[in-house]
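Structure file start.txt with compact mmCIF, C-alpha atoms and all ligand atoms:
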```
# COMPACT_ATOMS: atom_id res chain seq x y z
CA MET A 1 142.00 220.75 172.48
CA THR A 2 139.28 222.06 170.12
CA ASP A 3 138.66 220.57 166.64
CA THR A 4 140.15 223.68 165.00
CA GLU A 5 143.30 223.37 167.13
CA SER A 6 143.79 219.70 166.35
CA ASP A 7 143.17 220.29 162.60
CA LEU A 8 145.77 223.06 162.58
CA LEU A 9 148.21 220.94 164.57
CA ALA A 10 147.78 218.07 162.10
CA ARG A 11 148.51 220.52 159.25
CA ILE A 12 151.65 221.72 161.05
CA ARG A 13 152.86 218.15 161.51
CA VAL A 14 152.33 217.29 157.84
CA HIS A 15 154.42 220.29 156.81
CA GLY A 16 157.32 219.31 159.05
CA ALA A 17 159.54 222.24 159.88
CA VAL A 18 158.25 224.15 162.87
CA PRO A 19 160.00 227.40 163.83
CA ARG A 20 162.56 226.54 166.50
CA HIS A 21 162.19 229.93 168.16
CA ILE A 22 159.13 232.18 168.20
CA ALA A 23 159.27 235.73 169.59
CA ILE A 24 156.08 237.62 170.40
CA ILE A 25 155.27 241.29 170.96
CA MET A 26 152.11 240.90 173.01
CA ASP A 27 150.09 244.00 172.16
CA GLY A 28 146.52 245.13 172.54
CA ASN A 29 145.71 244.46 176.20
CA GLY A 30 144.66 248.07 176.77
CA ARG A 31 142.35 248.16 173.74
CA TRP A 32 140.86 244.81 174.71
CA ALA A 33 140.00 246.22 178.15
CA ARG A 34 138.67 249.48 176.69
CA GLU A 35 136.31 247.57 174.37
CA ARG A 36 134.83 246.09 177.55
CA HIS A 37 134.75 249.43 179.42
CA MET A 38 137.24 248.03 181.90
CA PRO A 39 140.52 249.46 183.26
CA ARG A 40 143.73 248.55 181.42
CA PRO A 41 145.02 246.12 184.09
CA PHE A 42 141.96 243.96 183.35
CA GLY A 43 143.36 243.53 179.84
CA HIS A 44 146.79 242.61 181.20
CA ARG A 45 145.23 240.00 183.48
CA SER A 46 143.46 238.42 180.51
CA GLY A 47 146.73 238.66 178.61
CA MET A 48 148.29 236.41 181.22
CA LYS A 49 145.88 233.64 180.21
CA ALA A 50 147.00 234.03 176.60
CA VAL A 51 150.61 233.53 177.78
CA ARG A 52 149.58 230.18 179.24
CA ALA A 53 147.80 229.18 176.01
CA VAL A 54 150.80 230.04 173.88
CA VAL A 55 153.21 228.13 176.13
CA GLU A 56 150.93 225.08 175.82
CA GLY A 57 150.81 225.52 172.05
CA CYS A 58 154.60 225.67 171.79
CA LEU A 59 154.96 222.54 173.91
CA GLU A 60 152.37 220.72 171.82
CA SER A 61 153.75 221.71 168.42
CA GLY A 62 157.45 221.21 169.21
CA VAL A 63 158.67 224.83 169.27
CA GLU A 64 161.90 224.86 171.32
CA TRP A 65 162.13 228.53 172.30
CA LEU A 66 159.53 231.18 173.06
CA SER A 67 160.47 234.82 173.73
CA LEU A 68 157.84 237.15 175.17
CA PHE A 69 158.08 240.94 175.44
CA ALA A 70 156.36 241.36 178.80
CA PHE A 71 157.50 244.84 179.86
CA SER A 72 159.60 247.38 177.99
CA GLN A 73 161.92 250.01 179.42
CA GLU A 74 159.43 252.58 178.14
CA ASN A 75 156.61 250.89 180.06
CA TRP A 76 158.08 252.30 183.32
CA GLN A 77 156.61 255.63 182.16
CA ARG A 78 153.04 254.33 182.30
CA PRO A 79 150.85 255.43 185.24
CA GLU A 80 152.05 254.06 188.55
CA THR A 81 148.84 252.01 188.98
CA GLU A 82 149.41 250.22 185.67
CA VAL A 83 153.10 249.57 186.37
CA SER A 84 152.32 248.07 189.73
CA ALA A 85 149.47 246.00 188.27
CA LEU A 86 151.88 244.58 185.66
CA MET A 87 154.51 243.79 188.29
CA SER A 88 151.91 242.11 190.52
CA LEU A 89 150.75 240.04 187.56
CA LEU A 90 154.31 238.91 186.93
CA GLU A 91 154.64 237.85 190.56
CA GLU A 92 151.26 236.14 190.43
CA PHE A 93 152.12 234.36 187.17
CA ILE A 94 155.30 232.99 188.73
CA ALA A 95 153.64 232.02 192.01
CA ARG A 96 150.84 230.23 190.19
CA GLU A 97 152.70 228.69 187.25
CA ALA A 98 156.30 227.97 188.30
CA ALA A 99 155.60 224.42 189.54
CA ASP A 100 153.51 223.54 186.47
CA LEU A 101 156.08 225.00 184.09
CA ALA A 102 158.81 222.96 185.77
CA ARG A 103 156.67 219.81 185.56
CA GLN A 104 156.07 220.42 181.85
CA GLY A 105 159.77 220.80 181.14
CA VAL A 106 159.77 224.57 180.58
CA CYS A 107 162.94 226.42 181.57
CA VAL A 108 162.26 230.12 182.26
CA HIS A 109 164.92 232.76 181.57
CA VAL A 110 164.31 236.40 182.46
CA HIS A 111 166.20 239.19 180.70
CA GLY A 112 166.32 242.96 180.94
CA ASP A 113 167.33 245.71 183.34
CA LEU A 114 166.28 243.70 186.38
CA ASP A 115 167.93 246.11 188.85
CA ARG A 116 164.82 248.27 188.47
CA LEU A 117 162.49 245.56 189.77
CA SER A 118 161.00 245.75 193.26
CA PRO A 119 162.49 243.30 195.80
CA ALA A 120 159.31 241.18 195.56
CA ALA A 121 159.44 241.01 191.74
CA ALA A 122 163.18 240.28 191.79
CA ALA A 123 162.60 237.46 194.29
CA ALA A 124 159.88 236.01 192.03
CA VAL A 125 162.27 236.10 189.06
CA GLU A 126 164.94 234.28 191.07
CA ARG A 127 162.39 231.72 192.17
CA VAL A 128 161.13 230.88 188.68
CA ARG A 129 164.67 230.66 187.36
CA ARG A 130 165.65 228.28 190.13
CA GLU A 131 162.54 226.10 190.04
CA THR A 132 162.48 225.66 186.27
CA SER A 133 166.22 225.41 185.62
CA GLY A 134 165.99 221.72 184.71
CA GLY A 135 163.41 222.19 181.94
CA ALA A 136 164.54 220.72 178.63
CA ARG A 137 161.42 220.82 176.40
CA LEU A 138 160.87 224.56 175.98
CA GLY A 139 163.00 227.58 176.83
CA LEU A 140 160.79 230.53 177.79
CA ASN A 141 162.55 233.90 177.62
CA LEU A 142 160.64 236.62 179.46
CA PHE A 143 161.82 240.13 178.61
CA ILE A 144 161.12 242.52 181.44
CA SER A 145 162.33 246.11 181.71
CA TYR A 146 163.92 245.39 178.36
CA GLY A 147 165.00 247.53 175.43
CA GLY A 148 166.77 246.27 172.31
CA ARG A 149 169.10 249.26 171.98
CA ALA A 150 170.06 249.03 175.65
CA GLU A 151 170.89 245.36 175.12
CA LEU A 152 173.20 246.30 172.23
CA VAL A 153 174.88 249.01 174.32
CA ARG A 154 175.36 246.50 177.14
CA ALA A 155 176.99 244.03 174.71
CA ALA A 156 179.32 246.77 173.43
CA ARG A 157 180.28 247.66 176.99
CA LEU A 158 181.02 244.02 177.82
CA LEU A 159 183.25 243.76 174.74
CA ALA A 160 185.05 247.01 175.64
CA THR A 161 185.68 245.71 179.16
CA ASP A 162 187.18 242.49 177.80
CA VAL A 163 189.43 244.51 175.48
CA LEU A 164 190.53 246.80 178.32
CA GLN A 165 191.34 243.80 180.49
CA GLY A 166 193.44 242.32 177.70
CA ASP A 167 191.15 239.31 177.20
CA LEU A 168 190.12 240.29 173.67
CA LEU A 169 191.76 242.12 170.75
CA PRO A 170 189.65 244.72 168.90
CA GLU A 171 190.25 242.83 165.65
CA GLU A 172 188.82 239.70 167.24
CA ILE A 173 185.41 241.36 167.61
CA ASP A 174 183.12 239.73 165.10
CA GLU A 175 179.44 238.78 164.96
CA ALA A 176 179.99 235.67 167.05
CA GLN A 177 181.76 237.67 169.80
CA PHE A 178 179.00 240.28 169.76
CA ARG A 179 176.25 237.66 169.80
CA SER A 180 177.79 235.90 172.77
CA ARG A 181 177.27 239.07 174.87
CA LEU A 182 173.55 239.31 174.15
CA PHE A 183 170.91 238.08 176.60
CA THR A 184 169.98 235.44 174.05
CA ALA A 185 173.46 233.94 173.66
CA HIS A 186 172.02 230.65 174.98
CA CYS A 187 169.47 230.15 172.19
CA PRO A 188 169.08 230.42 168.41
CA ASP A 189 167.70 233.63 166.89
CA PRO A 190 163.92 233.78 166.44
CA ASP A 191 162.66 232.29 163.17
CA LEU A 192 159.27 233.92 163.56
CA LEU A 193 158.30 237.24 165.16
CA ILE A 194 154.61 237.64 165.93
CA ARG A 195 153.04 240.96 166.82
CA THR A 196 149.41 241.13 167.83
CA SER A 197 146.82 243.90 167.54
CA GLY A 198 147.73 244.83 163.98
CA GLU A 199 150.60 247.24 164.79
CA GLN A 200 153.51 246.98 162.37
CA ARG A 201 156.47 248.01 164.51
CA LEU A 202 159.41 246.32 166.22
CA SER A 203 159.16 248.64 169.24
CA ASN A 204 162.80 248.10 170.24
CA PHE A 205 162.41 244.32 170.68
CA LEU A 206 165.34 241.99 169.90
CA LEU A 207 166.81 244.32 167.29
CA TRP A 208 169.87 242.17 166.57
CA GLN A 209 168.15 238.81 166.86
CA VAL A 210 165.26 239.33 164.44
CA ALA A 211 167.53 240.18 161.49
CA TYR A 212 166.24 237.16 159.52
CA ALA A 213 163.00 236.43 161.35
CA GLU A 214 159.78 236.09 159.39
CA LEU A 215 157.26 238.69 160.54
CA TYR A 216 153.65 237.81 161.25
CA ILE A 217 151.24 240.57 162.15
CA SER A 218 148.00 239.35 163.69
CA SER A 219 145.02 241.65 164.03
CA VAL A 220 143.91 239.74 167.14
CA LEU A 221 144.30 241.65 170.42
CA TRP A 222 146.69 239.80 172.76
CA PRO A 223 144.11 238.58 175.34
CA ASP A 224 142.26 236.83 172.48
CA PHE A 225 145.41 235.23 171.07
CA ASP A 226 144.98 231.51 171.72
CA ARG A 227 146.48 228.22 170.66
CA ALA A 228 144.61 228.27 167.33
CA ALA A 229 145.99 231.75 166.58
CA LEU A 230 149.51 230.49 167.32
CA TYR A 231 149.02 227.49 165.06
CA GLU A 232 147.73 229.78 162.27
CA ALA A 233 150.94 231.79 162.58
CA ILE A 234 153.06 228.62 162.43
CA CYS A 235 151.14 227.39 159.33
CA ASP A 236 151.75 230.76 157.69
CA PHE A 237 155.45 230.51 158.55
CA GLN A 238 155.62 227.07 156.97
CA ARG A 239 154.45 228.55 153.66
CA ARG A 240 157.24 231.15 153.62
CA ASP A 241 160.28 230.83 151.39
CA ARG A 242 163.22 231.76 153.63
CA ARG A 243 166.24 232.71 151.57
CA PHE A 244 168.49 234.61 154.02
CA GLY A 245 169.55 236.91 151.17
CA ARG A 246 170.38 234.03 148.83
CA VAL A 247 168.44 232.72 145.83
CA THR A 248 166.42 229.53 145.85
CA PRO A 249 168.26 226.79 143.91
C1 LIG B 1 150.90 245.61 175.57
O1 LIG B 1 149.55 245.98 175.55
C2 LIG B 1 151.18 244.66 176.63
C3 LIG B 1 151.96 244.92 177.73
C4 LIG B 1 152.60 246.22 177.94
C5 LIG B 1 152.16 243.94 178.80
C6 LIG B 1 152.15 242.50 178.45
C7 LIG B 1 151.83 241.73 179.68
C8 LIG B 1 151.07 240.64 179.76
C9 LIG B 1 150.53 239.95 178.59
C10 LIG B 1 150.66 240.05 181.09
C11 LIG B 1 151.72 239.51 181.95
C12 LIG B 1 152.69 238.65 181.26
C13 LIG B 1 153.43 237.72 181.89
C14 LIG B 1 154.48 237.01 181.16
C15 LIG B 1 153.21 237.40 183.29
P1 LIG B 1 149.16 247.51 175.68
O2 LIG B 1 148.86 247.79 177.09
O3 LIG B 1 150.23 248.38 175.09
O4 LIG B 1 147.86 247.54 174.81
P2 LIG B 1 147.28 248.76 173.93
O5 LIG B 1 148.28 249.01 172.84
O6 LIG B 1 145.98 248.24 173.42
O7 LIG B 1 147.13 249.93 174.86
```
Have the structure of the file written as structure tokens, please.
Ligand code: FPP
Amino acid sequence: MTDTESDLLARIRVHGAVPRHIAIIMDGNGRWARERHMPRPFGHRSGMKAVRAVVEGCLESGVEWLSLFAFSQENWQRPETEVSALMSLLEEFIAREAADLARQGVCVHVHGDLDRLSPAAAAAVERVRRETSGGARLGLNLFISYGGRAELVRAARLLATDVLQGDLLPEEIDEAQFRSRLFTAHCPDPDLLIRTSGEQRLSNFLLWQVAYAELYISSVLWPDFDRAALYEAICDFQRRDRRFGRVTP
């Protein structure tokens, strides 16, 4: 750990409350590659290293849940070479990291329209789920082939099915029922949503879940986002006054 990282970590510990759940829109891989006159997949590969750094940072600082937007439904429309590079990286990440993640107590969950994955990518997803299922220190949600609106539609369809089958009355549908049909039913909502590369959009990520999240926009491009950048975001979060629509006493 560098001096800057340990100073920031000490500051975080003095403050106390760390966000339980951090969600990240990892953006800027393409620009990072372009700045180096390299093809876009080169940026994604470097982005994979930033994923590792952020997982380490969460483990070190006591964050319980980390949600990463790794591939959106819209990303399927990128050039075939880029899509296959991203899928290969996912498989490589799992092949290389699954054992270490399991050893470190990370439990990996993968969410999204996984039917669209290639057999090799789907097998990798199954493998990481299986091998890390005992992890109790950090829950890592990877969102792949994911769209927030599609997740809401899926939840509505699940509710409708339960009503049709006579397992649920329409008047019993409330926020808790809705929430329990989301991919993230197993974890608390994000407290902090980080987006890198300076863009100020949600881009269809966790639309329901970020209702009360604090937003942190970092100008850093994702491949350069490291542990210190994560700790800066956590320090910033610790200075926020979260009111959830109420007034401070
Ligand atoms: C956005 O940058 C990033 C992505 C579409 C992919 C994110 C993937 C990774 C970080 C690597 C693999 C991750 C895992 C978990 C194995 P962009 O391409 O839209 O960048 P740009 O806006 O600069 O073009």
Taking only C-alpha atoms and all ligand atoms into account, produce a table as JSON lines in which each residue of chain A with an atom at most 10 Å from an atom of ligand LIG 1 (chain B) appears once, together with its shortest atom pair and the distance in Å to one decimal, ordered by chain and rising number.
```
{"residue": "A:Ile25", "atom": "CA", "partner": "B:LIG1", "partner_atom": "C1", "distance": 7.7}
{"residue": "A:Met26", "atom": "CA", "partner": "B:LIG1", "partner_atom": "C2", "distance": 5.3}
{"residue": "A:Asp27", "atom": "CA", "partner": "B:LIG1", "partner_atom": "C1", "distance": 3.9}
{"residue": "A:Gly28", "atom": "CA", "partner": "B:LIG1", "partner_atom": "O6", "distance": 3.3}
{"residue": "A:Asn29", "atom": "CA", "partner": "B:LIG1", "partner_atom": "O4", "distance": 4.0}
{"residue": "A:Gly30", "atom": "CA", "partner": "B:LIG1", "partner_atom": "O6", "distance": 3.6}
{"residue": "A:Arg31", "atom": "CA", "partner": "B:LIG1", "partner_atom": "O6", "distance": 3.6}
{"residue": "A:Trp32", "atom": "CA", "partner": "B:LIG1", "partner_atom": "O6", "distance": 6.3}
{"residue": "A:Ala33", "atom": "CA", "partner": "B:LIG1", "partner_atom": "O6", "distance": 7.9}
{"residue": "A:Arg34", "atom": "CA", "partner": "B:LIG1", "partner_atom": "O6", "distance": 8.1}
{"residue": "A:Glu35", "atom": "CA", "partner": "B:LIG1", "partner_atom": "O6", "distance": 9.7}
{"residue": "A:Arg40", "atom": "CA", "partner": "B:LIG1", "partner_atom": "O2", "distance": 6.8}
{"residue": "A:Pro41", "atom": "CA", "partner": "B:LIG1", "partner_atom": "O2", "distance": 8.2}
{"residue": "A:Phe42", "atom": "CA", "partner": "B:LIG1", "partner_atom": "C10", "distance": 9.8}
{"residue": "A:Gly43", "atom": "CA", "partner": "B:LIG1", "partner_atom": "O2", "distance": 7.5}
{"residue": "A:His44", "atom": "CA", "partner": "B:LIG1", "partner_atom": "C10", "distance": 4.6}
{"residue": "A:Arg45", "atom": "CA", "partner": "B:LIG1", "partner_atom": "C10", "distance": 5.9}
{"residue": "A:Ser46", "atom": "CA", "partner": "B:LIG1", "partner_atom": "C10", "distance": 7.4}
{"residue": "A:Gly47", "atom": "CA", "partner": "B:LIG1", "partner_atom": "C9", "distance": 4.0}
{"residue": "A:Met48", "atom": "CA", "partner": "B:LIG1", "partner_atom": "C10", "distance": 4.3}
{"residue": "A:Lys49", "atom": "CA", "partner": "B:LIG1", "partner_atom": "C9", "distance": 8.0}
{"residue": "A:Ala50", "atom": "CA", "partner": "B:LIG1", "partner_atom": "C9", "distance": 7.2}
{"residue": "A:Val51", "atom": "CA", "partner": "B:LIG1", "partner_atom": "C14", "distance": 6.2}
{"residue": "A:Arg52", "atom": "CA", "partner": "B:LIG1", "partner_atom": "C14", "distance": 8.6}
{"residue": "A:Ser67", "atom": "CA", "partner": "B:LIG1", "partner_atom": "C14", "distance": 9.8}
{"residue": "A:Leu68", "atom": "CA", "partner": "B:LIG1", "partner_atom": "C14", "distance": 6.9}
{"residue": "A:Phe69", "atom": "CA", "partner": "B:LIG1", "partner_atom": "C6", "distance": 6.8}
{"residue": "A:Ala70", "atom": "CA", "partner": "B:LIG1", "partner_atom": "C6", "distance": 4.4}
{"residue": "A:Phe71", "atom": "CA", "partner": "B:LIG1", "partner_atom": "C4", "distance": 5.4}
{"residue": "A:Ser72", "atom": "CA", "partner": "B:LIG1", "partner_atom": "C4", "distance": 7.1}
{"residue": "A:Glu74", "atom": "CA", "partner": "B:LIG1", "partner_atom": "C4", "distance": 9.3}
{"residue": "A:Asn75", "atom": "CA", "partner": "B:LIG1", "partner_atom": "C4", "distance": 6.5}
{"residue": "A:Trp76", "atom": "CA", "partner": "B:LIG1", "partner_atom": "C4", "distance": 9.8}
{"residue": "A:Arg78", "atom": "CA", "partner": "B:LIG1", "partner_atom": "C4", "distance": 9.2}
{"residue": "A:Glu82", "atom": "CA", "partner": "B:LIG1", "partner_atom": "O2", "distance": 8.9}
{"residue": "A:Val83", "atom": "CA", "partner": "B:LIG1", "partner_atom": "C4", "distance": 9.1}
{"residue": "A:Ala85", "atom": "CA", "partner": "B:LIG1", "partner_atom": "C11", "distance": 9.3}
{"residue": "A:Leu86", "atom": "CA", "partner": "B:LIG1", "partner_atom": "C11", "distance": 6.3}
{"residue": "A:Met87", "atom": "CA", "partner": "B:LIG1", "partner_atom": "C11", "distance": 8.1}
{"residue": "A:Ser88", "atom": "CA", "partner": "B:LIG1", "partner_atom": "C15", "distance": 8.7}
{"residue": "A:Leu89", "atom": "CA", "partner": "B:LIG1", "partner_atom": "C15", "distance": 5.6}
{"residue": "A:Leu90", "atom": "CA", "partner": "B:LIG1", "partner_atom": "C15", "distance": 4.1}
{"residue": "A:Glu91", "atom": "CA", "partner": "B:LIG1", "partner_atom": "C15", "distance": 7.4}
{"residue": "A:Glu92", "atom": "CA", "partner": "B:LIG1", "partner_atom": "C15", "distance": 7.5}
{"residue": "A:Phe93", "atom": "CA", "partner": "B:LIG1", "partner_atom": "C15", "distance": 5.0}
{"residue": "A:Ile94", "atom": "CA", "partner": "B:LIG1", "partner_atom": "C15", "distance": 7.3}
{"residue": "A:Glu97", "atom": "CA", "partner": "B:LIG1", "partner_atom": "C15", "distance": 9.6}
{"residue": "A:Val110", "atom": "CA", "partner": "B:LIG1", "partner_atom": "C14", "distance": 9.9}
{"residue": "A:Leu140", "atom": "CA", "partner": "B:LIG1", "partner_atom": "C14", "distance": 9.7}
{"residue": "A:Asn141", "atom": "CA", "partner": "B:LIG1", "partner_atom": "C14", "distance": 9.3}
{"residue": "A:Leu142", "atom": "CA", "partner": "B:LIG1", "partner_atom": "C14", "distance": 6.4}
{"residue": "A:Phe143", "atom": "CA", "partner": "B:LIG1", "partner_atom": "C14", "distance": 8.4}
{"residue": "A:Ile144", "atom": "CA", "partner": "B:LIG1", "partner_atom": "C14", "distance": 8.6}
{"residue": "A:Thr196", "atom": "CA", "partner": "B:LIG1", "partner_atom": "C1", "distance": 9.1}
{"residue": "A:Ser197", "atom": "CA", "partner": "B:LIG1", "partner_atom": "O6", "distance": 7.4}
{"residue": "A:Gly198", "atom": "CA", "partner": "B:LIG1", "partner_atom": "O5", "distance": 9.8}
{"residue": "A:Glu199", "atom": "CA", "partner": "B:LIG1", "partner_atom": "O5", "distance": 8.6}
{"residue": "A:Leu221", "atom": "CA", "partner": "B:LIG1", "partner_atom": "O6", "distance": 7.4}
{"residue": "A:Trp222", "atom": "CA", "partner": "B:LIG1", "partner_atom": "C9", "distance": 7.0}
{"residue": "A:Pro223", "atom": "CA", "partner": "B:LIG1", "partner_atom": "C9", "distance": 7.3}
```
Write out, as a Markdown table, each residue of range 127-156 of chain A that has an atom at most 12 Å from range 161-166 of chain A, together with the closest pair of atoms and their distance in Å to one decimal, counting all atoms listed in the file, rows going by chain and rising number.
```
| residue | atom | partner | partner_atom | distance |
| --- | --- | --- | --- | --- |
| A:Arg154 | CA | A:Thr161 | CA | 10.5 |
| A:Ala155 | CA | A:Thr161 | CA | 9.9 |
| A:Ala156 | CA | A:Thr161 | CA | 8.6 |
```
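If only C-alpha atoms are the atoms counted, then among A:Gly139, A:Pro79, A:Gly148, A:Pro119 the closest residue to Leu66 in chain A is A:Gly139.
Atom pair CA of Ala176 in chain A / CA of Val55 in chain A has a distance of 29.3 Å (rounded to one decimal).
Among A:Leu101, A:Leu169, A:Met1, A:Leu230, the residue with the shortest atom-to-atom distance to Ile24 in chain A, counting all atoms listed in the file, is A:Leu230.
Comparing A:Ala233, A:Leu59, A:Leu117, A:Ile173 by their smallest distance to Val220 in chain A, the closest is A:Ala233 (using only C-alpha atoms).
The space between CA of Gly135 in chain A and CA of Cys107 in chain A spans 4.3 Å.
Remark: for Glu5 in chain A, the closest of the candidate residues A:Arg240, A:Arg195, A:His186, A:Arg227 is A:Arg227 (distances computed over all atoms listed in the file).
One distance worth recording is that between CA of Trp65 in chain A and CA of Leu159 in chain A, which is 26.2 Å.
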>> Could you list, as a ChimeraX atom specification, every residue within 10 Å of Ala150 in chain A, counting only C-alpha atoms and ignoring same-chain residues fewer than 6 positions away?
In response: /A:73,112-113,156,204
>> Given the point (139.4, 226.7, 166.1) in the file's coordinates, find the residues that have an atom at most 10 Å from it, counting all atoms listed in the file, and give them as a ChimeraX atom specification.
In response: /A:1-8,226-229,231-232
> Quick one: of A:Pro170, A:Pro190, A:Gly134, A:Gly57, who's nearest to Ala211 in chain A, counting all atoms listed in the file?
Replying inline: A:Pro190
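Shortest atom-to-atom contact with Ala213 in chain A among A:His15, A:Arg103, A:Arg36, A:Arg20: A:Arg20, counting only C-alpha atoms.
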> Which polymer residues have any atom within 9 Å of an atom of Ile12 in chain A, counting all atoms listed in the file, with same-chain residues fewer than 2 positions away left out, as a PyMOL selection string?
Replying inline: chain A and resi 7-10+14-18+61+231+234-235+238
Can you fill out range 190-208 of chain A with N, CA, C and O atoms and hand it back as a compact mmCIF listing (two decimals), keeping the file's coordinate frame?
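Saved the output as selection29.txt:
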```txt
# COMPACT_ATOMS: atom_id res chain seq x y z
N PRO A 190 165.31 234.12 166.80
CA PRO A 190 163.92 233.78 166.44
C PRO A 190 163.78 233.55 164.93
O PRO A 190 164.38 234.25 164.12
N ASP A 191 162.99 232.54 164.58
CA ASP A 191 162.66 232.29 163.17
C ASP A 191 161.41 233.07 162.81
O ASP A 191 161.21 233.43 161.66
N LEU A 192 160.56 233.29 163.80
CA LEU A 192 159.27 233.92 163.56
C LEU A 192 159.01 234.97 164.64
O LEU A 192 159.16 234.68 165.83
N LEU A 193 158.67 236.18 164.21
CA LEU A 193 158.30 237.24 165.16
C LEU A 193 156.83 237.57 164.95
O LEU A 193 156.43 237.97 163.85
N ILE A 194 156.05 237.36 165.99
CA ILE A 194 154.61 237.64 165.93
C ILE A 194 154.34 238.94 166.67
O ILE A 194 154.87 239.16 167.76
N ARG A 195 153.53 239.79 166.07
CA ARG A 195 153.04 240.96 166.82
C ARG A 195 151.52 240.97 166.72
O ARG A 195 150.97 240.83 165.62
N THR A 196 150.88 241.12 167.84
CA THR A 196 149.41 241.13 167.83
C THR A 196 148.88 242.55 167.76
O THR A 196 149.63 243.52 167.88
N SER A 197 147.60 242.66 167.55
CA SER A 197 146.82 243.90 167.54
C SER A 197 147.03 244.75 166.30
O SER A 197 146.64 245.91 166.27
N GLY A 198 147.65 244.17 165.28
CA GLY A 198 147.73 244.83 163.98
C GLY A 198 148.82 245.88 163.83
O GLY A 198 149.04 246.40 162.74
N GLU A 199 149.54 246.22 164.91
CA GLU A 199 150.60 247.24 164.79
C GLU A 199 151.77 246.64 164.02
O GLU A 199 152.11 245.46 164.18
N GLN A 200 152.42 247.49 163.21
CA GLN A 200 153.51 246.98 162.37
C GLN A 200 154.83 247.64 162.75
O GLN A 200 155.43 248.35 161.97
N ARG A 201 155.23 247.42 164.01
CA ARG A 201 156.47 248.01 164.51
C ARG A 201 157.26 246.97 165.29
O ARG A 201 156.68 246.04 165.85
N LEU A 202 158.58 247.21 165.39
CA LEU A 202 159.41 246.32 166.22
C LEU A 202 159.44 246.79 167.68
O LEU A 202 159.74 246.01 168.58
N SER A 203 159.20 248.07 167.89
CA SER A 203 159.16 248.64 169.24
C SER A 203 160.37 248.26 170.10
O SER A 203 160.22 247.91 171.27
N ASN A 204 161.55 248.28 169.47
CA ASN A 204 162.80 248.10 170.24
C ASN A 204 162.92 246.69 170.85
O ASN A 204 163.50 246.52 171.91
N PHE A 205 162.35 245.70 170.17
CA PHE A 205 162.41 244.32 170.68
C PHE A 205 163.43 243.52 169.86
O PHE A 205 163.33 243.45 168.64
N LEU A 206 164.38 242.93 170.49
CA LEU A 206 165.34 241.99 169.90
C LEU A 206 165.91 242.47 168.56
O LEU A 206 165.86 241.73 167.57
N LEU A 207 166.42 243.69 168.55
CA LEU A 207 166.81 244.32 167.29
C LEU A 207 167.85 243.51 166.52
O LEU A 207 167.79 243.37 165.31
N TRP A 208 168.83 242.97 167.23
CA TRP A 208 169.87 242.17 166.57
C TRP A 208 169.29 240.83 166.12
O TRP A 208 169.47 240.38 164.99
```
